[in-house]
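**Student:** Sharing a structure here in structure tokens format.
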Amino acid sequence: MKIFAALCLSLLLMQPSTSVSAAPKKDRAYYEARGEIVWEIRTDEKVLALTFDDGPHPAYTDQILELLKQYEAKATFFVVGNKIKLYPDVLSRTLSEGHEIANHTYSHAYLSQRNDIKKELKDTEALIYATTGQRSQLFRPPGGFYNERLVHIVRNEGYKMIMWSWQLDTKDWDTPGVNKIVNRVLKNAKNGNIVLFHDYIEGPTQTIAALKIILPELKNRGYRLVTVSELLNYNTAIPAKIN
């Protein structure tokens, strides 16, 4: 009996520790609580942030800017460096009309060990500054892919990483149909959400037609459409201190 009890005790001691000292799981909740990545914010205010990825585009971005102006909406544009080189005037107009410019890498580089993410950030930032005279403070990784290494680089380079509300990925890049884009936004929009659109799409876009329905309806519902940086000022959640 004593031998059996001793054997049981040894087996117990060999089990992995489940104490509070165990390393935390680094998932969305971990990064969100620390304020290192933002998907949306908690607020009682009727505010939303519209975001547009992969531009600028010489036709699509300009049409989106016209609609935003018509409905007194502000947005954040996560721009790609190699598109800035092609269409600097579009970027200048975007900023001059009160919208926010943010970094989305130089070549739309997906996260991998082979991509020099720091260089992607710096090359894009250099073009943003050369074109607008201002620096960006926000970064969004292509595809929404991230890991601890990327979080560390982005933070050290002085950016805040911005994702989007999961239920408000319009998937407009895949041209799912204007009604699907509209319904995705209008059925799911809530205070503090971040909506994902694209202002650069290869081929025809449905985003502009969808915005013609979405923008007036959100305004009718009393939402203010603000930049991501403005949205962050409404956050009532206090992030944990980063060690």
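Residue numbering restarts at 1 in every chain; chains get A, B, ... in the order shown in the structure tokens, and ligands count up from 1 in that same order.
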Can you list every residue in stretch 70-172 of chain A that DSSP puts in helix (DSSP H, G or I), as a PyMOL selection string?
**Tutor:** chain A and resi 70+81-86+88-96+117-132+142-144+148-156+166-168+172
**Student:** Just the selected residues (C-alpha atoms), exported as a PDB file, in the first residue's frame, please.
**Tutor:**
```pdb
ATOM      1  CA  GLN A  70     -21.062  63.701 -48.622  1.00  0.00           C
ATOM      2  CA  GLY A  81       3.903  51.528 -49.858  1.00  0.00           C
ATOM      3  CA  ASN A  82       4.168  50.414 -53.464  1.00  0.00           C
ATOM      4  CA  LYS A  83       0.731  51.943 -54.161  1.00  0.00           C
ATOM      5  CA  ILE A  84       1.798  55.255 -52.604  1.00  0.00           C
ATOM      6  CA  LYS A  85       4.652  55.395 -55.114  1.00  0.00           C
ATOM      7  CA  LEU A  86       2.139  55.052 -57.941  1.00  0.00           C
ATOM      8  CA  PRO A  88       0.906  59.952 -54.186  1.00  0.00           C
ATOM      9  CA  ASP A  89      -1.693  62.584 -55.110  1.00  0.00           C
ATOM     10  CA  VAL A  90      -4.494  60.300 -53.898  1.00  0.00           C
ATOM     11  CA  LEU A  91      -2.748  59.876 -50.554  1.00  0.00           C
ATOM     12  CA  SER A  92      -2.299  63.636 -50.223  1.00  0.00           C
ATOM     13  CA  ARG A  93      -5.973  64.209 -50.903  1.00  0.00           C
ATOM     14  CA  THR A  94      -6.970  61.568 -48.342  1.00  0.00           C
ATOM     15  CA  LEU A  95      -5.050  63.327 -45.594  1.00  0.00           C
ATOM     16  CA  SER A  96      -6.128  66.832 -46.638  1.00  0.00           C
ATOM     17  CA  ILE A 117       8.742  43.242 -41.619  1.00  0.00           C
ATOM     18  CA  LYS A 118      10.796  46.034 -40.083  1.00  0.00           C
ATOM     19  CA  LYS A 119      11.974  47.114 -43.546  1.00  0.00           C
ATOM     20  CA  GLU A 120       8.406  46.850 -44.866  1.00  0.00           C
ATOM     21  CA  LEU A 121       7.279  49.210 -42.121  1.00  0.00           C
ATOM     22  CA  LYS A 122      10.139  51.673 -42.549  1.00  0.00           C
ATOM     23  CA  ASP A 123       9.899  51.862 -46.356  1.00  0.00           C
ATOM     24  CA  THR A 124       6.185  52.579 -46.195  1.00  0.00           C
ATOM     25  CA  GLU A 125       6.627  55.106 -43.411  1.00  0.00           C
ATOM     26  CA  ALA A 126       9.269  56.929 -45.432  1.00  0.00           C
ATOM     27  CA  LEU A 127       6.868  57.256 -48.357  1.00  0.00           C
ATOM     28  CA  ILE A 128       3.981  58.397 -46.143  1.00  0.00           C
ATOM     29  CA  TYR A 129       6.189  61.085 -44.625  1.00  0.00           C
ATOM     30  CA  ALA A 130       7.664  62.176 -47.957  1.00  0.00           C
ATOM     31  CA  THR A 131       4.172  62.496 -49.454  1.00  0.00           C
ATOM     32  CA  THR A 132       2.248  64.038 -46.562  1.00  0.00           C
ATOM     33  CA  PRO A 142      -1.964  41.951 -44.140  1.00  0.00           C
ATOM     34  CA  GLY A 143      -4.490  39.179 -43.633  1.00  0.00           C
ATOM     35  CA  GLY A 144      -4.659  39.974 -39.935  1.00  0.00           C
ATOM     36  CA  GLU A 148       4.724  37.598 -30.670  1.00  0.00           C
ATOM     37  CA  ARG A 149       7.643  38.606 -32.894  1.00  0.00           C
ATOM     38  CA  LEU A 150       5.475  40.914 -34.984  1.00  0.00           C
ATOM     39  CA  VAL A 151       3.818  42.430 -31.919  1.00  0.00           C
ATOM     40  CA  HIS A 152       7.270  43.162 -30.497  1.00  0.00           C
ATOM     41  CA  ILE A 153       8.524  44.776 -33.733  1.00  0.00           C
ATOM     42  CA  VAL A 154       5.402  46.879 -34.208  1.00  0.00           C
ATOM     43  CA  ARG A 155       5.484  48.141 -30.625  1.00  0.00           C
ATOM     44  CA  ASN A 156       9.208  48.967 -30.807  1.00  0.00           C
ATOM     45  CA  TRP A 166     -14.640  39.906 -36.494  1.00  0.00           C
ATOM     46  CA  GLN A 167     -18.286  40.243 -37.506  1.00  0.00           C
ATOM     47  CA  LEU A 168     -17.491  43.288 -39.644  1.00  0.00           C
ATOM     48  CA  ASP A 172     -15.471  43.051 -50.234  1.00  0.00           C
TER      49      ASP A 172
END
```
**Student:** So that each row is one residue of stretch 94-128 of chain A with an atom at most 10 Å from stretch 37-56 of chain A, can you give its shortest atom pair and the distance in Å to one decimal, using only C-alpha atoms, rows by chain and rising number, as JSON lines?
**Tutor:**
```
{"residue": "A:Thr94", "atom": "CA", "partner": "A:Pro56", "partner_atom": "CA", "distance": 9.0}
{"residue": "A:Glu100", "atom": "CA", "partner": "A:Thr51", "partner_atom": "CA", "distance": 9.3}
{"residue": "A:Ile101", "atom": "CA", "partner": "A:Phe52", "partner_atom": "CA", "distance": 9.9}
{"residue": "A:Ala102", "atom": "CA", "partner": "A:Asp53", "partner_atom": "CA", "distance": 9.3}
{"residue": "A:Asn103", "atom": "CA", "partner": "A:Asp53", "partner_atom": "CA", "distance": 9.5}
{"residue": "A:His104", "atom": "CA", "partner": "A:Asp54", "partner_atom": "CA", "distance": 7.2}
{"residue": "A:Thr105", "atom": "CA", "partner": "A:Asp54", "partner_atom": "CA", "distance": 9.3}
{"residue": "A:Tyr106", "atom": "CA", "partner": "A:Asp54", "partner_atom": "CA", "distance": 9.9}
{"residue": "A:Ser107", "atom": "CA", "partner": "A:Asp54", "partner_atom": "CA", "distance": 9.5}
{"residue": "A:His108", "atom": "CA", "partner": "A:Asp54", "partner_atom": "CA", "distance": 7.4}
```
**Student:** Selected residues, C-alpha atoms, written as a PDB file, in the first residue's frame, please.
**Tutor:**
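And here is the file that came out, result-v5.pdb:
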```pdb
ATOM      1  CA  THR A  94      -6.970  61.568 -48.342  1.00  0.00           C
ATOM      2  CA  GLU A 100      -6.185  59.057 -41.153  1.00  0.00           C
ATOM      3  CA  ILE A 101      -3.274  57.339 -42.879  1.00  0.00           C
ATOM      4  CA  ALA A 102      -1.883  54.101 -41.420  1.00  0.00           C
ATOM      5  CA  ASN A 103       0.823  51.599 -42.357  1.00  0.00           C
ATOM      6  CA  HIS A 104      -0.036  48.306 -44.109  1.00  0.00           C
ATOM      7  CA  THR A 105       3.513  47.290 -45.190  1.00  0.00           C
ATOM      8  CA  TYR A 106       5.284  48.166 -48.434  1.00  0.00           C
ATOM      9  CA  SER A 107       4.397  45.146 -50.575  1.00  0.00           C
ATOM     10  CA  HIS A 108       1.383  43.751 -48.696  1.00  0.00           C
TER      11      HIS A 108
END
```
**Student:** Show me, as an mmCIF file with N, CA and C atoms, in the first residue's frame, the residues that have an atom within 6 Å of stretch 226-234 of chain A when counting only C-alpha atoms, minus same-chain residues fewer than 2 positions from it.
**Tutor:**
```cif
data_model
loop_
_atom_site.group_PDB
_atom_site.id
_atom_site.type_symbol
_atom_site.label_atom_id
_atom_site.label_comp_id
_atom_site.auth_asym_id
_atom_site.auth_seq_id
_atom_site.Cartn_x
_atom_site.Cartn_y
_atom_site.Cartn_z
ATOM 1 N N ALA A 49 -15.600 53.079 -36.535
ATOM 2 C CA ALA A 49 -14.470 53.427 -37.387
ATOM 3 C C ALA A 49 -14.520 52.591 -38.659
ATOM 4 N N LYS A 74 -15.484 60.302 -41.381
ATOM 5 C CA LYS A 74 -14.030 60.185 -41.435
ATOM 6 C C LYS A 74 -13.664 58.701 -41.400
ATOM 7 N N ALA A 75 -12.513 58.372 -41.964
ATOM 8 C CA ALA A 75 -12.104 56.972 -42.031
ATOM 9 C C ALA A 75 -10.592 56.877 -41.893
ATOM 10 N N THR A 76 -10.119 55.642 -41.746
ATOM 11 C CA THR A 76 -8.686 55.373 -41.673
ATOM 12 C C THR A 76 -8.302 54.488 -42.852
#
```
**Student:** Which residues come within 9 Å of A:Ile214, counting only C-alpha atoms, excluding same-chain residues fewer than 6 positions away, as a PyMOL selection string?
**Tutor:** chain A and resi 181-183+185-186
**Student:** Interatomic distance between atom CA of A:Thr205 and atom CA of A:Trp173?
**Tutor:** 7.6 Å
**Student:** Quick one: distance from atom CA of A:Ile213 to atom CA of A:Gln63 in Å, one decimal?
**Tutor:** 14.2 Å
**Student:** Between A:Phe197, A:Tyr71, A:Tyr159, A:Phe145, which is the closest to A:Leu111 once you count only C-alpha atoms?
**Tutor:** A:Phe145
**Student:** Would you work out the distance separating atom CA of A:Phe77 from atom CA of A:Glu217, expressed in Å to one decimal?
**Tutor:**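 Interatomic distance, atom CA of A:Phe77 to atom CA of A:Glu217: 21.4 Å.
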**Student:** I need the residue nearest A:Thr170 from this list: A:Phe139, A:Tyr146, A:Leu196, A:Asn191. Use only C-alpha atoms for the distance.
**Tutor:**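 Between A:Phe139, A:Tyr146, A:Leu196, A:Asn191, the residue approaching A:Thr170 most closely is A:Leu196.
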**Student:** Pick the closest to A:Asp199 from A:Ile64, A:Leu225, A:Ala109, A:Leu138: which is it, counting only C-alpha atoms?
**Tutor:**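 The shortest atom-to-atom distance to A:Asp199 comes from A:Ile64.
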**Student:** Restricting the calculation to only C-alpha atoms, which member of A:Asp27, A:Glu32, A:Gly203, A:Ala210 is positioned closest to A:Lys160?
**Tutor:** A:Glu32
**Student:** Let's see if you can do this: from backbone DSSP, list all strand (DSSP E) residues in stretch 66-170 of chain A, as an MDAnalysis selection string.
**Tutor:** chainID A and resid 75:79 100:103 138:139 160:162
**Student:** Which is closer to A:Arg34 than all the others in A:Gly177, A:Val79, A:Ala237, A:Lys212, using only C-alpha atoms?
**Tutor:** A:Ala237
**Student:** From the list A:Val178, A:Ile162, A:Ala29, A:Val195, which residue is nearest A:Ile208 when using only C-alpha atoms?
**Tutor:**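 Using only C-alpha atoms, A:Ile208 sits closest to A:Val178.
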